[in-house]
>>> print(open('my_file-v7.cif').read())   # mmCIF, C-alpha atoms
data_target
#
loop_
_atom_site.label_atom_id
_atom_site.label_comp_id
_atom_site.auth_asym_id
_atom_site.auth_seq_id
_atom_site.Cartn_x
_atom_site.Cartn_y
_atom_site.Cartn_z
CA MET S 1 0.00 0.00 0.00
CA THR S 2 1.29 3.50 -0.88
CA GLU S 3 0.78 6.65 1.17
CA ILE S 4 0.66 10.00 -0.66
CA GLU S 5 1.61 13.30 0.89
CA ARG S 6 1.44 16.68 -0.81
CA ARG S 7 4.48 18.90 -0.26
CA GLY S 8 4.34 22.28 -1.94
CA ALA S 9 3.59 21.90 -5.63
CA GLY S 10 4.51 18.24 -5.92
CA LEU S 11 3.47 14.84 -4.59
CA VAL S 12 5.66 12.61 -2.46
CA MET S 13 4.85 8.91 -2.41
CA PHE S 14 5.93 6.64 0.45
CA ALA S 15 5.87 2.87 0.06
CA THR S 16 4.61 1.07 3.13
CA ARG S 17 5.44 -2.59 3.88
CA ALA S 18 3.86 -5.25 6.00
CA PRO S 19 5.86 -6.40 9.03
CA GLY S 20 8.68 -8.68 7.93
CA GLN S 21 8.39 -7.74 4.26
CA VAL S 22 11.70 -6.96 2.55
CA ALA S 23 11.88 -3.95 0.34
CA ALA S 24 12.60 -4.51 -3.34
CA GLN S 25 16.27 -4.04 -4.18
CA PRO S 26 17.27 -2.05 -7.27
CA ASP S 27 19.52 -3.68 -9.83
CA PRO S 28 23.23 -3.09 -9.31
CA SER S 29 24.34 -0.08 -11.27
CA GLY S 30 27.86 -1.27 -11.87
CA ALA S 31 29.15 2.04 -10.59
CA VAL S 32 32.03 1.89 -8.15
CA VAL S 33 32.97 4.61 -5.75
CA ASN S 34 36.47 5.76 -6.58
CA ARG S 35 37.66 5.66 -3.00
CA GLY S 36 35.53 2.59 -2.13
CA ALA S 37 33.66 2.06 1.08
CA ARG S 38 34.85 3.35 4.40
CA SER S 39 36.31 -0.06 5.07
CA GLY S 40 38.52 0.37 2.00
CA ASN S 41 36.62 -2.11 -0.21
CA ALA S 42 36.64 -0.68 -3.74
CA LYS S 43 33.75 -2.93 -4.82
CA PHE S 44 31.10 -1.01 -2.87
CA ASP S 45 28.03 -0.20 -5.05
CA PRO S 46 26.53 3.17 -4.03
CA VAL S 47 23.11 2.38 -5.55
CA THR S 48 22.40 -0.95 -3.88
CA GLY S 49 24.53 -0.34 -0.82
CA ARG S 50 26.08 -3.77 -1.38
CA PHE S 51 29.45 -5.08 -2.42
CA ALA S 52 30.12 -6.65 -5.82
CA GLY S 53 30.78 -10.40 -5.83
CA GLY S 54 33.89 -12.22 -6.91
CA LYS S 55 37.25 -12.78 -5.33
CA SER S 56 40.34 -10.86 -6.03
CA LYS S 57 42.87 -12.74 -8.13
CA ASP S 58 45.72 -11.10 -6.29
CA LEU S 59 45.35 -12.36 -2.75
CA LYS S 60 47.44 -10.57 -0.18
CA ASP S 61 47.94 -11.23 3.47
CA GLY S 62 48.05 -8.58 6.16
CA ASN S 63 51.68 -7.76 5.34
CA GLY S 64 51.03 -7.33 1.64
CA ASN S 65 52.61 -10.66 0.69
CA ASP S 66 51.02 -13.03 -1.82
CA LYS S 67 48.95 -15.75 -0.22
CA GLU S 68 49.49 -19.33 -1.28
CA PRO S 69 46.55 -20.83 -3.22
CA ALA S 70 44.17 -22.92 -1.17
CA ARG S 71 44.89 -26.64 -1.10
CA ASN S 72 42.66 -28.78 -3.30
CA PRO S 73 40.84 -31.19 -0.93
CA GLY S 74 40.45 -33.72 -3.75
CA ALA S 75 44.20 -34.06 -4.13
CA GLY S 76 44.58 -35.56 -0.68
CA ASN S 77 47.65 -35.43 1.51
CA ILE S 78 49.98 -37.43 -0.75
CA ASP S 79 53.71 -36.98 -0.54
CA PRO S 80 55.00 -37.24 -4.15
CA THR S 81 58.29 -38.74 -3.00
CA ALA S 82 56.53 -41.39 -0.91
CA ALA S 83 54.15 -42.18 -3.77
CA GLN S 84 57.04 -42.65 -6.19
CA ARG S 85 58.87 -44.88 -3.71
CA ARG S 86 55.74 -47.02 -3.35
CA ARG S 87 55.52 -47.44 -7.12
CA ASP S 88 59.19 -48.42 -7.24
CA LEU S 89 58.67 -51.04 -4.52
CA THR S 90 55.57 -52.33 -6.32
CA ARG S 91 57.49 -52.86 -9.55
CA ARG S 92 60.39 -54.45 -7.69
CA ALA S 93 58.11 -56.88 -5.84
CA ALA S 94 56.29 -57.72 -9.09
CA SER S 95 59.57 -58.77 -10.71
CA LEU S 96 60.29 -61.38 -8.02
CA MET S 97 59.95 -65.00 -9.06
CA GLY S 98 57.28 -65.98 -6.56
CA GLU S 99 54.31 -64.19 -5.07
CA MET S 100 54.37 -63.17 -1.41
CA ASN S 101 51.72 -63.66 1.22
CA MET S 102 50.85 -61.03 3.84
CA THR S 103 53.55 -62.14 6.27
CA GLU S 104 56.27 -62.35 3.64
CA ALA S 105 55.25 -59.01 2.15
CA SER S 106 55.35 -57.34 5.56
CA LYS S 107 58.87 -58.58 6.24
CA TRP S 108 59.96 -57.60 2.73
CA LEU S 109 58.59 -54.07 3.13
CA GLU S 110 60.16 -53.72 6.56
CA SER S 111 63.55 -54.49 5.01
CA PHE S 112 63.11 -51.25 3.06
CA GLY S 113 62.17 -49.27 6.16
CA VAL S 114 58.39 -49.35 5.64
CA ASP S 115 56.28 -49.18 8.81
CA THR S 116 53.89 -52.07 8.18
CA SER S 117 51.86 -51.22 11.27
CA ILE S 118 50.29 -48.37 9.31
CA ALA S 119 50.95 -49.51 5.71
CA ARG S 120 48.16 -51.27 3.78
CA VAL S 121 50.00 -54.47 2.96
CA ASP S 122 46.89 -56.04 1.39
CA THR S 123 46.53 -53.13 -1.03
CA PHE S 124 50.23 -53.33 -1.81
CA LEU S 125 49.91 -57.01 -2.69
CA ALA S 126 46.92 -56.31 -4.94
CA ASP S 127 48.94 -53.64 -6.77
CA VAL S 128 51.87 -56.03 -7.10
CA ARG S 129 49.65 -58.67 -8.71
CA GLU S 130 48.30 -56.12 -11.19
CA GLN S 131 51.85 -55.07 -11.99
CA ARG S 132 52.84 -58.70 -12.62
CA ILE S 133 50.05 -58.99 -15.18
CA ASP S 134 51.20 -55.73 -16.78
CA TYR S 135 54.71 -57.15 -17.07
CA LEU S 136 53.29 -60.36 -18.54
CA VAL S 137 51.43 -58.44 -21.25
CA ASP S 138 54.63 -56.54 -22.13
CA THR S 139 56.69 -59.72 -22.44
CA MET S 140 54.05 -61.76 -24.27
CA VAL S 141 53.45 -59.28 -27.08
CA PRO S 142 56.78 -59.88 -28.89
CA VAL S 143 56.56 -63.62 -28.21
CA LEU S 144 53.07 -63.76 -29.69
CA GLU S 145 54.17 -61.77 -32.71
CA SER S 146 56.90 -64.25 -33.61
CA THR S 147 54.88 -67.33 -32.63
CA VAL S 148 51.72 -66.40 -34.54
CA ALA S 149 53.74 -65.39 -37.61
CA ALA S 150 55.52 -68.76 -37.58
CA GLN S 151 52.27 -70.68 -37.18
CA HIS S 152 50.70 -68.83 -40.10
CA ASP S 153 53.71 -69.76 -42.21
CA GLY S 154 53.03 -73.45 -41.57
CA GLN S 155 55.70 -74.01 -38.95
CA VAL S 156 54.94 -75.99 -35.81
CA VAL S 157 55.66 -73.61 -32.97
CA THR S 158 54.22 -73.51 -29.48
CA LEU S 159 54.28 -70.59 -27.11
CA LYS S 160 56.95 -70.94 -24.49
CA SER S 161 57.74 -68.19 -22.08
CA PRO S 162 61.21 -66.76 -22.65
CA LYS S 163 61.82 -66.86 -18.91
CA SER S 164 60.61 -69.02 -16.08
CA TRP S 165 59.13 -65.89 -14.53
CA ASN S 166 56.63 -65.53 -17.38
CA SER S 167 55.55 -69.14 -17.02
CA ALA S 168 55.20 -68.83 -13.25
CA VAL S 169 53.01 -65.73 -13.54
CA LEU S 170 50.87 -67.18 -16.33
CA ASN S 171 50.19 -70.38 -14.43
CA SER S 172 49.35 -68.47 -11.24
CA LEU S 173 46.49 -66.52 -12.84
CA THR S 174 42.87 -67.28 -12.09
CA ASP S 175 40.44 -67.97 -14.93
CA ALA S 176 39.10 -64.41 -14.64
CA GLU S 177 42.63 -63.00 -14.85
CA VAL S 178 43.41 -65.16 -17.88
CA VAL S 179 40.30 -63.79 -19.58
CA GLN S 180 41.46 -60.27 -18.73
CA LEU S 181 44.91 -61.06 -20.14
CA HIS S 182 43.26 -62.47 -23.27
CA GLN S 183 41.28 -59.24 -23.75
CA ARG S 184 44.36 -57.07 -23.32
CA LEU S 185 46.37 -59.07 -25.86
CA VAL S 186 43.48 -58.97 -28.34
CA GLY S 187 43.48 -55.21 -27.78
CA GLN S 188 47.08 -55.22 -29.04
CA GLY S 189 45.79 -56.35 -32.44
CA PHE S 190 46.10 -60.14 -32.20
CA ASP S 191 43.43 -62.55 -33.40
CA PRO S 192 41.35 -63.87 -30.45
CA GLU S 193 41.79 -67.50 -31.54
CA ASP S 194 45.55 -67.12 -31.80
CA VAL S 195 45.70 -65.59 -28.32
CA SER S 196 43.50 -68.23 -26.69
CA LYS S 197 45.42 -71.08 -28.32
CA ASN S 198 48.77 -69.75 -27.18
CA LEU S 199 47.56 -69.04 -23.66
CA ILE S 200 46.27 -72.58 -23.37
CA ASP S 201 49.53 -74.00 -24.74
CA GLY S 202 51.40 -72.01 -22.10
CA MET S 203 49.69 -73.86 -19.26
CA ARG S 204 51.69 -76.70 -17.71
CA ASP S 205 48.80 -78.43 -15.93
CA LYS S 206 46.63 -80.58 -18.25
CA LYS S 207 43.55 -80.13 -16.09
CA ARG S 208 44.01 -76.37 -16.26
CA LYS S 209 44.36 -76.56 -20.04
CA THR S 210 41.03 -78.39 -20.27
CA GLN S 211 39.38 -75.76 -18.07
CA LEU S 212 40.67 -72.92 -20.24
CA GLN S 213 39.64 -74.72 -23.41
CA GLN S 214 36.11 -74.70 -22.04
CA VAL S 215 36.39 -71.04 -21.06
CA PHE S 216 37.51 -69.97 -24.55
CA GLY S 217 35.39 -72.51 -26.43
CA GLU S 218 38.42 -74.33 -27.83
CA PRO S 219 38.09 -78.03 -28.73
CA THR S 220 39.34 -80.31 -25.98
CA GLU S 221 41.60 -83.28 -26.53
CA ALA S 222 39.69 -86.53 -26.82
CA PRO S 223 40.61 -89.09 -24.15
CA PRO S 224 42.74 -91.97 -25.47
CA THR S 225 40.81 -95.10 -26.43
CA LYS S 226 41.76 -98.64 -25.53
CA GLY S 227 44.46 -100.06 -27.66
CA GLU S 228 46.09 -96.70 -28.32
#
>>> encode(input="my_file-v7.cif", output="structure tokens")
Amino acid sequence: MTEIERRGAGLVMFATRAPGQVAAQPDPSGAVVNRGARSGNAKFDPVTGRFAGGKSKDLKDGNGNDKEPARNPGAGNIDPTAAQRRRDLTRRAASLMGEMNMTEASKWLESFGVDTSIARVDTFLADVREQRIDYLVDTMVPVLESTVAAQHDGQVVTLKSPKSWNSAVLNSLTDAEVVQLHQRLVGQGFDPEDVSKNLIDGMRDKKRKTQLQQVFGEPTEAPPTKGE
């Protein structure tokens, strides 16, 4: 509701508000007082009586020195040197001949000065196993290239790991990990049948070979008949 009062030759209108009602705010004018507000803030808007938003790019502390940018919470509190050392230990453990259990891994890490009372040894072992598979992919690619090429040329060649380490890692994989390895090698451009055949040939255990033949849909060897 608006009250009207006559003053001299003109009319003066007063806007009245109900209790608790907030008066409408005019749009910011964009004008900035040259000397800023009394507090020294140069972003004071004389029309709205408010301060313009936004943060100053040049952050200064009380002494006029540049402030350091705020830490990104998503980055976490990771020491780059410690992270690199962990990766180095992971690769070193992955290159060992045999896999370690929790107890063996704890002792091995302690020999490098790692406090295993606070270290996640289980996570470390999981990373080591992944690294072993990564190494296996790297070493199998050139072997597959030469083996598949020879087979396509009519030569009788079977896949044999160039080192006992490769064989040990390959035979330690679960069926799910072998399937993952198969997918990664196919992703390198090899024919799926060539990869599955060579993976199966690389298995020492006959029972395991039969299991993988079923997994990949390869024909299994017929059992010998009497008289053979």
>>> resolve_selection(input="my_file-v7.cif", expression="the PyMOL selection byres ((chain S and resi 209-217) around 9)", output="VMD selection string")
chain S and resid 175 178 to 179 193 196 to 197 199 to 208 218 to 221
>>> residues_around(input="my_file-v7.cif", residues="segment 83-86 of chain S", least_positions_apart="3", cutoff="12 Å", atoms="only C-alpha atoms", output="list in words")
Asn77, Ile78, Asp79, Pro80, Leu89, Thr90, Arg91, Arg92, Ala93, Leu109, Phe112, Gly113, Val114, Ala119, Arg120, Val121, Thr123, Phe124, Leu125, Asp127 and Val128 of chain S
>>> resolve_selection(input="my_file-v7.cif", expression="the PyMOL selection byres ((chain S and resi 96) around 12)", output="list in words")
Leu89, Thr90, Arg91, Arg92, Ala93, Ala94, Ser95, Met97, Gly98, Glu99, Met100, Ala105, Trp108, Val128, Arg129, Gln131, Arg132, Tyr135, Ser164, Trp165, Asn166, Ala168 and Val169 of chain S
>>> resolve_selection(input="my_file-v7.cif", expression="the PyMOL selection byres ((chain S and resi 180-188) around 9)", output="list in words")
Ile133, Asp134, Leu136, Val137, Met140, Val141, Asp175, Ala176, Glu177, Val178, Val179, Gly189, Phe190, Asp191, Pro192, Val195, Ser196 and Leu199 of chain S
>>> decode(input="my_file-v7.cif", residues="segment 176-189 of chain S", atoms="all heavy atoms", output="tab-separated table (two decimals), in the first residue's frame")
chain	number	residue	atom	x	y	z
S	176	ALA	N	39.54	-65.78	-14.36
S	176	ALA	CA	39.10	-64.41	-14.64
S	176	ALA	C	40.28	-63.55	-15.09
S	176	ALA	O	40.15	-62.72	-16.00
S	176	ALA	CB	38.44	-63.79	-13.41
S	177	GLU	N	41.44	-63.77	-14.48
S	177	GLU	CA	42.63	-63.00	-14.85
S	177	GLU	C	43.15	-63.42	-16.22
S	177	GLU	O	43.67	-62.59	-16.98
S	177	GLU	CB	43.70	-63.16	-13.78
S	177	GLU	CG	43.36	-62.44	-12.47
S	177	GLU	CD	44.32	-62.76	-11.35
S	177	GLU	OE1	44.91	-63.87	-11.36
S	177	GLU	OE2	44.48	-61.92	-10.45
S	178	VAL	N	43.01	-64.70	-16.55
S	178	VAL	CA	43.41	-65.16	-17.88
S	178	VAL	C	42.52	-64.53	-18.94
S	178	VAL	O	42.99	-64.13	-20.01
S	178	VAL	CB	43.38	-66.70	-17.96
S	178	VAL	CG1	43.62	-67.17	-19.40
S	178	VAL	CG2	44.42	-67.32	-17.04
S	179	VAL	N	41.23	-64.44	-18.65
S	179	VAL	CA	40.30	-63.79	-19.58
S	179	VAL	C	40.68	-62.32	-19.75
S	179	VAL	O	40.66	-61.79	-20.87
S	179	VAL	CB	38.84	-63.93	-19.08
S	179	VAL	CG1	37.90	-63.08	-19.94
S	179	VAL	CG2	38.41	-65.39	-19.11
S	180	GLN	N	41.03	-61.67	-18.65
S	180	GLN	CA	41.46	-60.27	-18.73
S	180	GLN	C	42.74	-60.15	-19.56
S	180	GLN	O	42.86	-59.24	-20.40
S	180	GLN	CB	41.72	-59.72	-17.32
S	180	GLN	CG	42.18	-58.27	-17.30
S	180	GLN	CD	42.63	-57.82	-15.93
S	180	GLN	OE1	42.88	-58.65	-15.04
S	180	GLN	NE2	42.77	-56.53	-15.74
S	181	LEU	N	43.68	-61.07	-19.36
S	181	LEU	CA	44.91	-61.06	-20.14
S	181	LEU	C	44.60	-61.28	-21.62
S	181	LEU	O	45.19	-60.62	-22.50
S	181	LEU	CB	45.84	-62.15	-19.62
S	181	LEU	CG	47.16	-62.36	-20.38
S	181	LEU	CD1	48.02	-61.11	-20.32
S	181	LEU	CD2	47.92	-63.56	-19.79
S	182	HIS	N	43.68	-62.19	-21.89
S	182	HIS	CA	43.26	-62.47	-23.27
S	182	HIS	C	42.72	-61.19	-23.93
S	182	HIS	O	43.08	-60.85	-25.06
S	182	HIS	CB	42.20	-63.57	-23.26
S	182	HIS	CG	41.69	-63.94	-24.62
S	182	HIS	ND1	40.66	-63.26	-25.25
S	182	HIS	CD2	42.05	-64.93	-25.48
S	182	HIS	CE1	40.42	-63.80	-26.43
S	182	HIS	NE2	41.24	-64.82	-26.59
S	183	GLN	N	41.87	-60.47	-23.21
S	183	GLN	CA	41.28	-59.24	-23.75
S	183	GLN	C	42.35	-58.19	-24.03
S	183	GLN	O	42.29	-57.48	-25.04
S	183	GLN	CB	40.23	-58.70	-22.77
S	183	GLN	CG	39.01	-59.60	-22.63
S	183	GLN	CD	38.07	-59.14	-21.53
S	183	GLN	OE1	38.45	-58.33	-20.67
S	183	GLN	NE2	36.85	-59.65	-21.53
S	184	ARG	N	43.30	-58.08	-23.14
S	184	ARG	CA	44.36	-57.07	-23.32
S	184	ARG	C	45.24	-57.40	-24.52
S	184	ARG	O	45.66	-56.50	-25.27
S	184	ARG	CB	45.19	-56.95	-22.05
S	184	ARG	CG	44.40	-56.38	-20.87
S	184	ARG	CD	45.24	-56.28	-19.61
S	184	ARG	NE	46.37	-55.36	-19.78
S	184	ARG	CZ	47.18	-55.00	-18.78
S	184	ARG	NH1	46.97	-55.48	-17.57
S	184	ARG	NH2	48.17	-54.16	-19.00
S	185	LEU	N	45.54	-58.68	-24.72
S	185	LEU	CA	46.37	-59.07	-25.86
S	185	LEU	C	45.59	-58.90	-27.17
S	185	LEU	O	46.18	-58.51	-28.19
S	185	LEU	CB	46.85	-60.52	-25.70
S	185	LEU	CG	47.87	-60.73	-24.57
S	185	LEU	CD1	48.12	-62.22	-24.34
S	185	LEU	CD2	49.18	-60.01	-24.87
S	186	VAL	N	44.30	-59.21	-27.16
S	186	VAL	CA	43.48	-58.97	-28.34
S	186	VAL	C	43.45	-57.48	-28.66
S	186	VAL	O	43.47	-57.07	-29.82
S	186	VAL	CB	42.05	-59.52	-28.13
S	186	VAL	CG1	41.12	-59.07	-29.27
S	186	VAL	CG2	42.07	-61.04	-28.05
S	187	GLY	N	43.45	-56.66	-27.59
S	187	GLY	CA	43.48	-55.21	-27.78
S	187	GLY	C	44.76	-54.72	-28.41
S	187	GLY	O	44.82	-53.60	-28.93
S	188	GLN	N	45.81	-55.57	-28.40
S	188	GLN	CA	47.08	-55.22	-29.04
S	188	GLN	C	47.06	-55.54	-30.54
S	188	GLN	O	48.04	-55.29	-31.24
S	188	GLN	CB	48.24	-55.98	-28.38
S	188	GLN	CG	48.46	-55.62	-26.92
S	188	GLN	CD	49.15	-54.29	-26.75
S	188	GLN	OE1	49.85	-53.82	-27.64
S	188	GLN	NE2	48.96	-53.65	-25.61
S	189	GLY	N	45.94	-56.09	-31.01
S	189	GLY	CA	45.79	-56.35	-32.44
S	189	GLY	C	45.89	-57.80	-32.84
S	189	GLY	O	45.84	-58.11	-34.04
